[in-house]
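One file, upload01.txt, is given below (compact mmCIF, C-alpha atoms).
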```
# COMPACT_ATOMS: atom_id res chain seq x y z
CA MET A 421 -203.57 157.64 -181.29
CA ASN A 422 -206.62 156.51 -183.29
CA ILE A 423 -209.86 158.52 -183.32
CA ASN A 424 -211.82 155.80 -181.45
CA TYR A 425 -209.34 155.86 -178.57
CA GLU A 426 -209.39 159.66 -178.59
CA PHE A 427 -213.12 159.77 -177.85
CA GLU A 428 -213.71 156.67 -175.75
CA THR A 429 -215.48 157.14 -172.43
CA ILE A 430 -212.87 158.07 -169.83
CA ALA A 431 -212.75 158.17 -166.04
CA ALA A 432 -210.34 159.44 -163.41
CA ILE A 433 -210.13 160.62 -159.83
CA ALA A 434 -210.55 164.40 -159.92
CA THR A 435 -209.48 165.12 -156.35
CA PRO A 436 -206.03 164.64 -154.73
CA ILE A 437 -205.11 161.06 -153.84
CA ALA A 438 -205.16 161.62 -150.10
CA THR A 439 -207.45 161.14 -147.13
CA GLY A 440 -210.12 163.83 -147.08
CA GLY A 441 -213.78 164.58 -146.56
CA VAL A 442 -214.84 164.10 -150.17
CA GLY A 443 -213.44 162.36 -153.23
CA VAL A 444 -214.65 162.91 -156.79
CA ILE A 445 -214.55 160.47 -159.68
CA ARG A 446 -215.28 162.02 -163.08
CA ILE A 447 -216.59 160.09 -166.08
CA SER A 448 -216.87 161.66 -169.56
CA GLY A 449 -217.94 160.33 -172.93
CA ALA A 450 -220.84 158.89 -174.87
CA ASP A 451 -221.24 155.98 -172.41
CA ALA A 452 -220.80 158.00 -169.22
CA PHE A 453 -224.40 157.53 -168.11
CA LEU A 454 -224.31 153.82 -168.96
CA VAL A 455 -221.09 153.25 -167.00
CA ALA A 456 -222.43 155.16 -164.00
CA GLN A 457 -225.74 153.32 -164.05
CA LYS A 458 -224.00 149.94 -163.91
CA ILE A 459 -222.44 150.80 -160.53
CA PHE A 460 -225.21 152.99 -159.01
CA SER A 461 -228.08 151.69 -156.89
CA LYS A 462 -230.80 153.92 -158.38
CA PRO A 463 -231.95 154.71 -161.93
CA VAL A 464 -230.27 157.78 -163.42
CA LYS A 465 -233.00 159.12 -165.68
CA GLU A 466 -232.09 162.72 -166.42
CA ALA A 467 -229.37 165.33 -166.21
CA GLY A 468 -229.52 168.39 -164.00
CA LYS A 469 -230.64 166.43 -160.95
CA ILE A 470 -228.71 165.38 -157.86
CA TYR A 471 -228.93 161.66 -157.09
CA HIS A 472 -228.23 160.14 -153.69
CA GLY A 473 -227.56 156.43 -153.40
CA TRP A 474 -224.91 153.75 -153.23
CA VAL A 475 -222.06 152.70 -155.48
CA ILE A 476 -222.42 148.95 -155.75
CA ASP A 477 -220.33 146.07 -157.04
CA GLY A 478 -222.94 143.44 -157.77
CA GLU A 479 -224.75 142.97 -154.46
CA THR A 480 -221.98 144.60 -152.42
CA LYS A 481 -222.40 148.20 -151.26
CA ILE A 482 -219.14 150.14 -151.68
CA ASP A 483 -219.97 153.68 -150.54
CA GLU A 484 -222.88 156.06 -150.05
CA VAL A 485 -222.47 158.78 -152.68
CA VAL A 486 -223.91 161.78 -154.47
CA LEU A 487 -224.09 161.46 -158.26
CA LEU A 488 -224.19 164.49 -160.56
CA PRO A 489 -225.06 163.85 -164.25
CA PHE A 490 -224.47 166.45 -166.98
CA LYS A 491 -225.85 166.05 -170.51
CA SER A 492 -223.87 167.10 -173.59
CA PRO A 493 -223.16 169.88 -174.42
CA LYS A 494 -223.88 171.37 -170.98
CA SER A 495 -220.86 169.97 -169.20
CA TYR A 496 -217.20 170.78 -168.60
CA THR A 497 -216.00 168.62 -171.49
CA GLY A 498 -218.98 169.20 -173.78
CA GLU A 499 -219.74 165.46 -173.58
CA ASP A 500 -222.00 163.48 -171.30
CA VAL A 501 -220.37 163.70 -167.87
CA VAL A 502 -221.10 162.03 -164.55
CA GLU A 503 -219.35 163.05 -161.34
CA ILE A 504 -219.50 160.76 -158.33
CA GLN A 505 -218.90 162.41 -154.96
CA CYS A 506 -217.89 159.81 -152.40
CA HIS A 507 -216.15 159.75 -149.04
CA GLY A 508 -212.54 160.80 -149.39
CA GLY A 509 -210.74 157.66 -148.31
CA ILE A 510 -207.95 156.62 -150.67
CA LYS A 511 -209.17 153.02 -150.97
CA VAL A 512 -212.78 154.13 -151.51
CA VAL A 513 -212.10 156.42 -154.47
CA GLN A 514 -209.69 153.93 -156.01
CA LYS A 515 -212.29 151.16 -155.72
CA ILE A 516 -214.98 153.28 -157.39
CA LEU A 517 -212.58 154.24 -160.17
CA SER A 518 -211.73 150.58 -160.76
CA LEU A 519 -215.46 149.81 -161.02
CA THR A 520 -215.91 152.46 -163.72
CA LEU A 521 -213.00 150.95 -165.67
CA LYS A 522 -214.41 147.45 -165.28
CA ASN A 523 -217.76 148.63 -166.63
CA GLY A 524 -216.69 150.29 -169.87
CA ALA A 525 -214.55 153.36 -169.22
CA ARG A 526 -210.81 153.69 -169.68
CA ILE A 527 -208.43 155.67 -167.48
CA ALA A 528 -208.09 159.28 -168.60
CA GLU A 529 -204.75 160.64 -169.69
CA ARG A 530 -203.21 163.78 -168.23
CA GLY A 531 -205.39 166.78 -168.90
CA GLU A 532 -207.75 164.78 -171.11
CA PHE A 533 -210.93 166.25 -169.64
CA THR A 534 -209.74 169.80 -170.35
CA LYS A 535 -208.38 168.71 -173.74
CA ARG A 536 -211.84 167.45 -174.66
CA ALA A 537 -213.34 170.73 -173.47
CA PHE A 538 -211.01 172.46 -175.94
CA LEU A 539 -211.68 170.04 -178.79
CA ASN A 540 -215.43 170.39 -178.22
CA HIS A 541 -215.14 174.21 -178.33
CA LYS A 542 -216.17 174.74 -174.72
CA ILE A 543 -213.00 176.76 -174.13
CA ASP A 544 -210.15 178.04 -176.29
CA LEU A 545 -206.52 177.12 -175.76
CA SER A 546 -205.69 180.20 -173.67
CA GLN A 547 -208.54 179.29 -171.31
CA ALA A 548 -207.33 175.69 -171.13
CA GLU A 549 -203.89 176.91 -170.11
CA ALA A 550 -205.55 179.18 -167.54
CA VAL A 551 -207.02 176.09 -165.87
CA LEU A 552 -203.50 174.77 -165.31
CA ASP A 553 -202.33 178.17 -164.02
CA LEU A 554 -205.26 178.39 -161.62
CA ILE A 555 -204.52 174.95 -160.20
CA HIS A 556 -200.85 175.76 -159.63
CA ALA A 557 -201.23 179.43 -158.61
CA ARG A 558 -198.83 180.27 -155.77
CA SER A 559 -200.30 183.66 -154.89
CA GLU A 560 -203.75 185.22 -154.70
CA ASN A 561 -202.74 187.79 -157.31
CA PHE A 562 -201.78 185.16 -159.88
CA ALA A 563 -204.85 183.08 -159.06
CA GLN A 564 -207.06 186.10 -159.81
CA LYS A 565 -205.30 186.80 -163.11
CA SER A 566 -205.57 183.13 -164.05
CA ALA A 567 -209.29 183.26 -163.29
CA ASN A 568 -209.51 186.30 -165.57
CA ASN A 569 -207.80 184.31 -168.32
CA LEU A 570 -210.24 181.45 -167.74
CA SER A 571 -213.13 183.88 -168.13
CA GLY A 572 -211.64 184.97 -171.46
CA ALA A 573 -209.73 188.19 -170.66
CA LEU A 574 -206.66 187.24 -172.70
CA ALA A 575 -208.76 185.71 -175.48
CA ILE A 576 -210.79 188.91 -175.77
CA GLU A 577 -207.64 191.05 -176.02
CA ILE A 578 -206.11 188.73 -178.63
CA GLY A 579 -209.44 188.60 -180.45
CA SER A 580 -209.52 192.39 -180.67
CA ILE A 581 -206.06 192.55 -182.23
CA ARG A 582 -206.86 189.62 -184.51
CA SER A 583 -210.05 191.33 -185.70
CA ASN A 584 -208.13 194.46 -186.70
CA ILE A 585 -205.50 192.42 -188.57
CA PHE A 586 -208.16 190.26 -190.24
CA ASN A 587 -210.11 193.29 -191.44
CA LEU A 588 -206.94 194.86 -192.84
CA LEU A 589 -205.98 191.62 -194.59
CA SER A 590 -209.50 191.31 -196.01
CA ARG A 591 -209.35 194.77 -197.54
CA ILE A 592 -205.96 194.15 -199.12
CA THR A 593 -207.01 190.70 -200.39
CA ALA A 594 -210.26 192.04 -201.86
CA ALA A 595 -208.33 194.66 -203.82
CA ILE A 596 -205.90 192.01 -205.07
CA ASP A 597 -208.63 189.53 -206.09
CA PHE A 598 -211.07 192.09 -207.52
CA PRO A 599 -208.92 194.97 -208.79
CA GLU A 600 -211.65 196.28 -211.09
CA ASP A 601 -214.25 196.53 -208.31
CA VAL A 602 -212.24 197.25 -205.16
CA ALA A 603 -209.62 199.96 -204.81
CA GLU A 604 -206.39 199.28 -202.93
CA PRO A 605 -206.41 200.74 -199.41
CA GLU A 606 -204.19 203.77 -198.96
CA TYR A 607 -200.69 203.00 -197.70
CA ALA A 608 -201.25 205.53 -194.92
CA PHE A 609 -204.30 203.54 -193.80
CA ILE A 610 -202.33 200.27 -193.83
CA LYS A 611 -199.53 201.90 -191.85
CA ASN A 612 -201.90 203.25 -189.19
CA GLU A 613 -203.64 199.91 -188.78
CA ILE A 614 -200.39 197.97 -188.45
CA GLU A 615 -198.90 200.47 -186.00
CA ALA A 616 -202.02 200.28 -183.84
CA CYS A 617 -201.76 196.48 -183.68
CA ILE A 618 -198.03 196.65 -182.94
CA LYS A 619 -198.69 198.95 -179.97
CA LYS A 620 -201.30 196.59 -178.55
CA ILE A 621 -198.99 193.59 -178.83
CA GLU A 622 -196.06 195.50 -177.34
CA LYS A 623 -198.26 196.45 -174.39
CA ILE A 624 -199.03 192.79 -173.71
CA LEU A 625 -195.39 191.76 -174.10
CA ALA A 626 -194.36 194.56 -171.71
CA SER A 627 -196.10 192.57 -168.96
CA ALA A 628 -194.33 189.32 -169.91
CA LYS A 629 -191.71 189.61 -167.18
CA ALA A 630 -194.40 190.27 -164.60
CA SER A 631 -196.38 187.26 -165.84
CA ASN A 632 -193.35 185.00 -165.57
CA VAL A 633 -192.53 186.24 -162.08
CA LEU A 634 -196.13 185.69 -160.90
CA ARG A 635 -196.17 182.20 -162.40
CA GLN A 636 -192.71 180.96 -161.43
CA GLY A 637 -192.04 183.05 -158.35
CA ILE A 638 -188.64 184.31 -157.22
CA LYS A 639 -185.90 183.05 -154.92
CA ILE A 640 -184.80 185.50 -152.24
CA ALA A 641 -181.70 184.71 -150.19
CA ILE A 642 -180.96 186.52 -146.92
CA ALA A 643 -177.19 186.82 -146.52
CA GLY A 644 -174.68 188.48 -144.23
CA ARG A 645 -172.37 187.93 -141.28
CA PRO A 646 -173.44 185.75 -138.32
CA ASN A 647 -175.78 187.55 -135.93
CA ALA A 648 -176.64 190.28 -138.45
CA GLY A 649 -180.35 189.62 -137.99
CA LYS A 650 -180.97 187.25 -140.92
CA SER A 651 -183.16 184.78 -139.05
CA SER A 652 -185.05 187.60 -137.33
CA LEU A 653 -185.88 189.11 -140.74
CA PHE A 654 -186.78 185.65 -142.06
CA ASN A 655 -189.27 185.22 -139.20
CA ALA A 656 -190.60 188.78 -139.58
CA LEU A 657 -191.33 188.35 -143.29
CA LEU A 658 -193.02 185.00 -142.62
CA ASN A 659 -194.81 186.45 -139.59
CA LEU A 660 -193.95 183.37 -137.54
CA ASP A 661 -191.03 181.97 -135.55
CA ARG A 662 -189.66 179.54 -138.14
CA ALA A 663 -185.91 180.01 -137.60
CA ILE A 664 -184.06 179.90 -134.28
CA VAL A 665 -182.92 183.34 -133.16
CA THR A 666 -180.20 183.85 -130.52
CA ASP A 667 -177.36 186.30 -129.91
CA ILE A 668 -174.88 183.45 -130.43
CA PRO A 669 -173.07 183.78 -133.79
CA GLY A 670 -173.54 180.80 -136.10
CA THR A 671 -176.96 179.69 -134.77
CA THR A 672 -178.22 179.02 -138.30
CA ARG A 673 -176.05 176.22 -139.59
CA ASP A 674 -178.18 175.00 -142.49
CA VAL A 675 -180.33 176.57 -145.18
CA ILE A 676 -184.01 177.07 -144.27
CA GLN A 677 -186.62 177.72 -146.97
CA GLU A 678 -190.25 178.80 -146.81
CA THR A 679 -192.76 180.08 -149.36
CA ILE A 680 -194.20 183.55 -148.87
CA ASP A 681 -196.52 185.90 -150.74
CA ILE A 682 -194.92 189.35 -151.06
CA ASN A 683 -197.45 191.84 -152.43
CA GLY A 684 -198.90 189.15 -154.68
CA ILE A 685 -195.52 187.76 -155.77
CA PRO A 686 -194.81 184.14 -154.79
CA ALA A 687 -191.34 183.99 -153.27
CA THR A 688 -189.14 181.27 -151.85
CA LEU A 689 -187.46 182.91 -148.87
CA ILE A 690 -184.09 181.41 -147.95
CA ASP A 691 -182.48 181.93 -144.54
CA THR A 692 -178.78 181.15 -144.90
CA ALA A 693 -175.96 180.46 -142.51
CA GLY A 694 -173.85 183.52 -141.61
CA ILE A 695 -170.71 183.84 -143.74
CA ARG A 696 -167.44 184.18 -141.83
CA GLU A 697 -163.86 182.93 -142.05
CA ASN A 698 -163.56 179.16 -141.80
CA SER A 699 -160.72 179.23 -139.28
CA GLY A 700 -161.82 177.68 -135.98
CA LEU A 701 -165.29 176.68 -137.18
CA ASP A 702 -166.67 173.17 -136.87
CA LYS A 703 -167.36 171.05 -139.93
CA VAL A 704 -171.14 171.51 -139.83
CA GLU A 705 -170.95 175.31 -139.90
CA ILE A 706 -168.40 175.21 -142.73
CA ILE A 707 -170.79 173.05 -144.79
CA GLY A 708 -173.61 175.50 -144.00
CA ILE A 709 -171.52 178.43 -145.24
CA ASP A 710 -170.73 176.54 -148.47
CA TYR A 711 -174.45 175.96 -148.96
CA THR A 712 -175.07 179.66 -148.37
CA LYS A 713 -172.68 180.67 -151.14
CA LYS A 714 -174.38 178.29 -153.58
CA TYR A 715 -177.88 179.57 -152.75
CA VAL A 716 -176.72 183.16 -153.05
CA GLU A 717 -175.40 182.42 -156.54
CA ASN A 718 -178.71 180.86 -157.63
CA SER A 719 -181.08 183.41 -156.12
CA ASP A 720 -183.02 186.04 -158.05
CA LEU A 721 -182.58 188.60 -155.28
CA ILE A 722 -180.29 188.88 -152.26
CA LEU A 723 -181.12 190.73 -149.08
CA PHE A 724 -177.69 191.68 -147.73
CA LEU A 725 -177.80 192.45 -144.02
CA TYR A 726 -175.32 194.08 -141.70
CA ASP A 727 -175.62 195.11 -138.06
CA SER A 728 -176.08 198.88 -137.79
CA ASN A 729 -174.61 198.79 -134.26
CA SER A 730 -171.32 197.42 -135.55
CA GLY A 731 -171.43 199.50 -138.70
CA PHE A 732 -170.30 198.28 -142.10
CA THR A 733 -167.16 196.34 -141.14
CA ASP A 734 -164.32 194.89 -143.20
CA ASP A 735 -165.95 191.45 -142.86
CA ASP A 736 -169.20 192.90 -144.23
CA GLU A 737 -167.26 194.38 -147.13
CA LYS A 738 -165.75 190.97 -147.98
CA ILE A 739 -169.22 189.40 -148.14
CA TYR A 740 -170.65 192.34 -150.06
CA GLU A 741 -167.98 191.86 -152.73
CA LEU A 742 -169.50 188.43 -153.42
CA ILE A 743 -172.98 189.79 -154.16
CA LYS A 744 -172.67 193.44 -155.20
CA ASN A 745 -172.93 192.64 -158.91
CA ARG A 746 -176.11 190.61 -158.42
CA PRO A 747 -179.63 192.00 -157.80
CA HIS A 748 -179.64 192.89 -154.13
CA ILE A 749 -180.86 195.21 -151.41
CA LYS A 750 -178.34 196.46 -148.84
CA ILE A 751 -180.01 196.59 -145.42
CA ALA A 752 -178.86 197.87 -142.04
CA THR A 753 -180.55 195.92 -139.24
CA LYS A 754 -181.44 196.66 -135.59
CA SER A 755 -182.32 200.29 -136.30
CA ASP A 756 -184.19 200.41 -132.97
CA LEU A 757 -180.77 200.29 -131.27
CA ASN A 758 -178.97 202.68 -133.62
CA LYS A 759 -180.51 205.81 -135.13
CA ILE A 760 -177.63 206.44 -137.54
CA GLN A 761 -179.22 205.43 -140.81
CA GLU A 762 -176.91 205.56 -143.80
CA ASP A 763 -178.52 202.74 -145.79
CA PHE A 764 -182.03 201.28 -145.88
CA CYS A 765 -182.70 200.38 -142.24
CA ILE A 766 -185.07 197.94 -140.60
CA SER A 767 -185.96 196.74 -137.13
CA THR A 768 -187.54 193.32 -136.77
CA LYS A 769 -188.23 194.16 -133.12
CA THR A 770 -190.41 197.22 -133.83
CA GLY A 771 -191.39 196.27 -137.39
CA GLU A 772 -189.83 199.45 -138.78
CA ASN A 773 -189.63 199.39 -142.60
CA ILE A 774 -190.62 195.71 -142.95
CA ASP A 775 -193.55 196.67 -145.19
CA ALA A 776 -191.31 199.19 -146.97
CA LEU A 777 -188.86 196.36 -147.64
CA LYS A 778 -191.65 194.31 -149.24
CA ASP A 779 -192.47 197.28 -151.48
CA LYS A 780 -188.80 197.66 -152.35
CA ILE A 781 -188.59 193.98 -153.31
CA THR A 782 -191.70 194.33 -155.47
CA LYS A 783 -190.31 197.30 -157.38
CA LEU A 784 -187.04 195.49 -158.06
CA VAL A 785 -188.54 192.31 -159.51
CA ILE A 786 -191.67 193.50 -161.27
CA ASP A 787 -192.79 196.54 -163.23
CA LYS A 788 -195.66 198.38 -161.53
CA ASN A 789 -197.60 199.01 -164.72
CA ALA A 790 -197.31 195.36 -165.74
CA THR A 791 -199.05 194.19 -162.56
CA GLU A 792 -202.14 196.20 -163.51
CA THR A 793 -203.00 194.03 -166.52
CA GLU A 794 -206.08 191.87 -166.08
CA PHE A 795 -204.42 188.78 -167.48
CA THR A 796 -201.10 186.96 -167.68
CA THR A 797 -199.28 185.26 -170.52
CA ASN A 798 -197.11 182.16 -170.52
CA GLN A 799 -193.95 181.50 -172.52
CA ARG A 800 -195.77 179.83 -175.41
CA GLN A 801 -198.18 182.73 -175.74
CA GLN A 802 -195.34 185.23 -175.50
CA ASP A 803 -193.48 183.44 -178.29
CA CYS A 804 -196.59 183.60 -180.49
CA LEU A 805 -197.00 187.31 -179.75
CA GLN A 806 -193.34 187.91 -180.55
CA LYS A 807 -193.70 186.13 -183.90
CA ALA A 808 -196.79 188.18 -184.70
CA LEU A 809 -194.94 191.37 -183.76
CA GLU A 810 -191.99 190.52 -186.00
CA SER A 811 -194.30 189.76 -188.95
CA LEU A 812 -196.15 193.04 -188.46
CA GLN A 813 -192.88 194.96 -188.26
CA ILE A 814 -191.78 193.45 -191.60
CA ALA A 815 -195.16 194.38 -193.07
CA LEU A 816 -194.80 197.92 -191.70
CA ASP A 817 -191.33 198.31 -193.24
CA ALA A 818 -192.71 197.09 -196.56
CA THR A 819 -195.60 199.53 -196.30
CA ASN A 820 -193.24 202.44 -195.63
CA ALA A 821 -191.29 201.36 -198.75
CA PHE A 822 -194.54 201.28 -200.79
CA GLU A 823 -193.99 197.67 -201.83
CA LEU A 824 -196.70 195.69 -203.61
CA GLN A 825 -199.64 195.09 -201.31
CA ASP A 826 -199.87 191.40 -202.14
CA LEU A 827 -196.35 191.04 -200.70
CA ILE A 828 -197.32 193.06 -197.63
CA SER A 829 -200.33 190.79 -197.13
CA ILE A 830 -198.07 187.73 -196.74
CA ASP A 831 -196.55 189.03 -193.51
CA ILE A 832 -199.90 190.32 -192.26
CA LYS A 833 -201.34 186.82 -192.75
CA SER A 834 -198.35 185.36 -190.94
CA ALA A 835 -199.07 187.63 -187.95
CA LEU A 836 -202.69 186.50 -188.00
CA MET A 837 -201.68 182.84 -187.88
CA SER A 838 -199.34 183.47 -184.95
CA LEU A 839 -202.20 185.01 -182.97
CA ASP A 840 -204.44 182.08 -183.89
CA GLU A 841 -201.91 179.77 -182.23
CA ILE A 842 -202.61 181.47 -178.90
CA THR A 843 -206.30 180.61 -178.87
CA GLY A 844 -205.85 177.32 -180.71
CA GLU A 845 -207.43 178.24 -184.04
CA VAL A 846 -204.16 177.07 -185.56
CA ILE A 847 -202.35 174.40 -183.59
CA THR A 848 -200.28 171.25 -184.12
CA ASP A 849 -200.76 167.92 -182.34
CA ASP A 850 -197.29 168.15 -180.80
CA ILE A 851 -198.01 171.53 -179.20
CA LEU A 852 -201.45 170.37 -178.06
CA ASN A 853 -200.10 167.20 -176.46
CA ASN A 854 -197.25 169.11 -174.81
CA ILE A 855 -199.71 171.52 -173.17
CA PHE A 856 -202.04 168.89 -171.74
CA GLU A 857 -199.28 166.56 -170.61
CA ASN A 858 -198.50 169.18 -167.94
CA PHE A 859 -201.93 168.68 -166.41
CA CYS A 860 -202.68 166.17 -163.69
CA ILE A 861 -204.83 163.11 -164.37
CA GLY A 862 -208.44 163.95 -163.61
CA LYS A 863 -208.42 167.52 -164.94
```
Target encoding structure tokens, full file:
Amino acid sequence: MNINYEFETIAAIATPIATGGVGVIRISGADAFLVAQKIFSKPVKEAGKIYHGWVIDGETKIDEVVLLPFKSPKSYTGEDVVEIQCHGGIKVVQKILSLTLKNGARIAERGEFTKRAFLNHKIDLSQAEAVLDLIHARSENFAQKSANNLSGALAIEIGSIRSNIFNLLSRITAAIDFPEDVAEPEYAFIKNEIEACIKKIEKILASAKASNVLRQGIKIAIAGRPNAGKSSLFNALLNLDRAIVTDIPGTTRDVIQETIDINGIPATLIDTAGIRENSGLDKVEIIGIDYTKKYVENSDLILFLYDSNSGFTDDDEKIYELIKNRPHIKIATKSDLNKIQEDFCISTKTGENIDALKDKITKLVIDKNATETEFTTNQRQQDCLQKALESLQIALDATNAFELQDLISIDIKSALMSLDEITGEVITDDILNNIFENFCIGK
């Protein structure tokens, strides 16, 4: 991509392509005001004002709109930006976008607005990635942590570690470059500084699993014999009647899925067909049972249910053998009808232990301390942190062996560069393009 193409004036629809109350077309670049003026019925003289008028195509009025101009650098991208708020009809927003393209803009690529914000130093790379996380957040908890990242929480933490490493590297480098004027730092000092940075990085990485769970969510399959209460639990966790519940075995004949927020964790809840011997069953139920087995194999957690009235039968044991070596919770259902409680018991009728089950799920899939961090990390950031940690560990080993400090400084500098990749101080075009290609057009 040539530099002229990179910084041409761009335009895109910034709202979902669907019928709605309002649609937004965003224009960014040196000619943003000029492009907007060509299709707007009134003069756009200054930024910071709200303009009301019509988008026009020659003498034809297209839509009555609100126009918001932002002057560089006080805009999302750091460039001149104009946002046109129109009525949210699909044809209307597409027509206005086509007018901007006809009058000097080009269509924006995926994530190009946010990419320009990064290139113009409005945000760092961790904040840019937080924009994507915030858009795709599947739980309120993750949305809040993404907002914290966008406000700079992760960048501040990385910046703190980076500052300590940079200061240490500066002291070692000064002693190497000016040995007559600057004394080498004590090895004990170097060791303490490196160990302090290692602890901070390890603390962030300790929350990596929690970050990944909050971002990607988990799959939870509800399994057991027919009529064990699977659909009743499915409905209770969703707090709505989504699955059919009867006392007839085999009512659920297909897999039903819904998304649920369990204590801030996005989860795909899967209600499966009851597993029983195939003899005498119709073809549809047999297919449903086969689907159940596949979903059980691919789930992150299995809620294994059995009827407490019947007790743990031989048929239950056969099913339990299929899942006992996978992450699971063994649950006795219908505790309102049977007070003998050998395992974890629930009642979907009275609500007994439903909230306790949610807590139990949370403890199994996520570390409590990790959820208390203000920010999250993604896989790329975790890889950078891991590389920094490994470099610091090598530097620490060299320090403990009293090796030459100029050799120690090599690994310290390597750790510094790995941290700089997180915020984008050091970054390659391939990594940059890969990040923003995951964005939608218009953001």
| query | Which residue, A:Ile592, A:Ile510, A:Ile543, A:Ala626, has the smallest gap to Ser571 of chain A when you use all atoms listed in the file? | reply |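 When distances to Ser571 of chain A are compared using all atoms listed in the file, the smallest one comes from A:Ile543.
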Take every atom of segment 648-653 of chain A listed in the file, fit an axis-aligned box around them, add 5 Å per side, and give the centre and edge lengths in Å to one decimal as AutoDock Vina command-line options.
```
--center_x -181.3 --center_y 187.5 --center_z -139.1 --size_x 19.2 --size_y 15.5 --size_z 13.6
```
| said: Give me the residues near Glu622 of chain A as a ChimeraX atom specification, where near means some atom within 10 Å (using only C-alpha atoms) and where sequence neighbours in that chain fewer than 6 positions away do not count. | reply: /A:628,805-806,809
| query | Quick one, how far is atom CA of Leu784 of chain A from atom CA of Ile640 of chain A? | reply |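 Interatomic distance here is 11.8 Å.
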| Neighbours of segment 444-453 of chain A within 10 Å (all atoms listed in the file; same-chain residues fewer than 6 positions away dropped), as number ranges by chain? | A: 427-436, 464-467, 485-492, 495-508, 513-514, 516-517, 520-521, 523-528, 532-533, 536, 862-863
| request: Can you work out which one of A:Gln457, A:Thr819, A:Thr688, A:Asn798 has the shortest atom-to-atom distance to Leu552 of chain A, counting all atoms listed in the file? | output: A:Asn798
| Closest of A:Leu824, A:Ile642, A:Leu625, A:Ala835 to Pro605 of chain A - atom-to-atom distances counting all atoms listed in the file |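 For Pro605 of chain A, the nearest of the given residues is A:Leu824.
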| field | Gap from atom CA of Asp736 of chain A to atom CA of Asp691 of chain A - Å, one decimal | value |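 That distance, rounded to one decimal, is 17.2 Å.
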| message | So, with only C-alpha atoms as the atoms that count, which of A:Ile690, A:Cys617, A:Ala608, A:Ala594 lies closest to Phe654 of chain A? | response | A:Ile690
| Nearest to Phe562 of chain A, chosen from A:Thr848, A:Asn683, A:Gln547, A:Thr534, with all atoms listed in the file counted in the distances |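 Closest candidate: A:Asn683.
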| Can you list, as a count of residues only, every protein, DNA or RNA residue that comes within 12 Å of Ile751 of chain A when you count all atoms listed in the file, leaving out same-chain residues fewer than 3 positions away? | 35
| task | Work out how far apart atom CA of Asn587 of chain A and atom CA of Gly572 of chain A are and give it in Å to one decimal. | result | 21.7 Å
| remark: Using all atoms listed in the file, the shortest atom-to-atom distance to Asp803 of chain A among A:Glu772, A:Ile624, A:Ala815, A:Ile596 belongs to A:Ile624
| task | Please return, as a PyMOL selection string, all polymer residues that have at least one atom within 12 Å of the point (-200.9, 166.8, -176.3); use all atoms listed in the file and the file's own coordinate frame. | result | chain A and resi 421+426+529-532+534-536+538-539+545+847-859
| task | Considering all atoms listed in the file, return as a list in words whatever protein or nucleic-acid residues lie within 7 Å of Leu689 of chain A, sequence-local ones (same chain, fewer than 4 positions apart) excluded. | result |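 What passes the distance filter is Lys639, Ile640, Ala641, Gln677, Glu678, Thr679 and Ile680 of chain A.
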| field | Within 10 Å of Gly478 of chain A using only C-alpha atoms, minus same-chain residues under 6 positions, as a PyMOL selection string | value | chain A and resi 458-461
